[in-house]
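Visitor: I have a structure here, written as structure tokens, and I will follow up with some questions on it.
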Amino acid sequence: MANAEFYSCFEVQSLDRMSDIWEHSDDVRCTHPGWLTLKGWGAVSGSFFNLFHAEFRLQFLLTDTDVRINGDIAMVFCTENILGQGPGPAVTSLNVFRLDPLDRHWRLIVHHASIVSASFGQ
């Protein structure tokens, strides 16, 4: 599925594969944990370029995954358990995909991730 491909692209730090999974439009939005929301493919792709050139690599263990499909829109809610230089924070994430009418591939249009605080949401 497209959601698994998104995290695989992140783990292997492939800009080409990441580019393939995203829709290249001004409609896309991306909020990395602690960042302001990035708008448009140019800003989003630049963020992955910077993240992939950082000194660390991330690995994701996804839990609590819930997929909802309504027509040409798919929403994936999940918890990203991030592994890097050791266990990292848990991050709650929403990924929204739109079905491309031409090639029938799901393209990511929204990624919103936020660090989970242990004191909230209990």
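By order in the structure tokens, chains are A, B, ...; within a chain, residues start at 1; ligands start at 1, following the order shown.
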I'd like the contact shell of Pro89 in chain A - 8 Å cut-off, only C-alpha atoms, skipping same-chain residues fewer than 6 positions apart - returned as a count of residues only.

Guide: 4

Visitor: Can you list every residue in chain A that DSSP puts in strand (DSSP E or B), as number ranges by chain?

Guide: A: 22, 29-31, 38-39, 59-70, 73-83, 87-99, 106-115

Visitor: Which one is closest to Phe97 in chain A: A:Leu36, A:Val28, A:Ile73, A:Val12? Count only C-alpha atoms.

Guide: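 Between A:Leu36, A:Val28, A:Ile73, A:Val12, the residue approaching Phe97 in chain A most closely is A:Ile73.
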
Visitor: Near Arg68 in chain A, counting only C-alpha atoms, which residues have an atom at most 10 Å away, once you skip same-chain residues fewer than 4 positions from it, shown as a list in words?

Guide: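 So the residues in contact are Ile73, Ala74, Met75, Val76, Phe77 and Val96 of chain A.
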
Visitor: Using only C-alpha atoms, which protein or nucleic acid residues come within 10 Å of Glu80 in chain A? Drop anything in the same chain fewer than 3 positions from it, and give the result as a list in words.

Guide: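 What passes the distance filter is Tyr7, Gln59, Phe60, Leu61, Leu62, Thr63, Asp64, Thr65, Phe77, Leu83, Gly88, Pro89, Ala90, Val91, Thr92, Ser93, Ala113, Ser114, Ile115 and Val116 of chain A.
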
Visitor: According to DSSP computed on the backbone, where in chain A is there alpha helix (DSSP H)? Give the residues as a PyMOL selection string.

Guide: chain A and resi 2-12+15-21+41-52

Visitor: Within 10 Å of range 13-19 of chain A, counting only C-alpha atoms, which residues qualify if same-chain residues fewer than 2 places away don't, as JSON, numbers by chain?

Guide: {"A": [5, 6, 7, 8, 9, 10, 11, 21, 22, 23, 24, 41, 44, 45, 46, 48, 49, 51, 52, 53, 57, 58, 107, 108]}

Visitor: What gap, in Å, lies between CA of Thr79 in chain A and CA of Asp20 in chain A?

Guide: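 Atom-to-atom, CA of Thr79 in chain A to CA of Asp20 in chain A, that is 23.3 Å.
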
Visitor: For CA of Leu99 in chain A and CA of Met1 in chain A, quote the distance in Å rounded to one decimal.

Guide: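 CA of Met1 in chain A lies 12.2 Å from CA of Leu99 in chain A.
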
Visitor: Would you kindly return, as a ChimeraX atom specification, each protein, DNA or RNA residue with an atom no farther than 9 Å from any atom of Gly42 in chain A, considering only C-alpha atoms and excluding same-chain residues fewer than 5 positions away?

Guide: /A:24-26,47

Visitor: Go ahead and save the residues from that selection, with C-alpha atoms, as a PDB file, in the first residue's frame.

Guide:
```
ATOM      1  CA  HIS A  24       3.180  17.415  -7.145  1.00  0.00           C
ATOM      2  CA  SER A  25       0.753  20.252  -6.580  1.00  0.00           C
ATOM      3  CA  ASP A  26       0.129  23.317  -4.467  1.00  0.00           C
ATOM      4  CA  SER A  47      12.014  19.310   3.713  1.00  0.00           C
TER       5      SER A  47
END
```

Visitor: Could you tell me how far CA of Asn95 in chain A sits from CA of Ile69 in chain A, in Å to one decimal place?

Guide: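 Atom-to-atom, CA of Ile69 in chain A and CA of Asn95 in chain A are spaced 11.8 Å apart.
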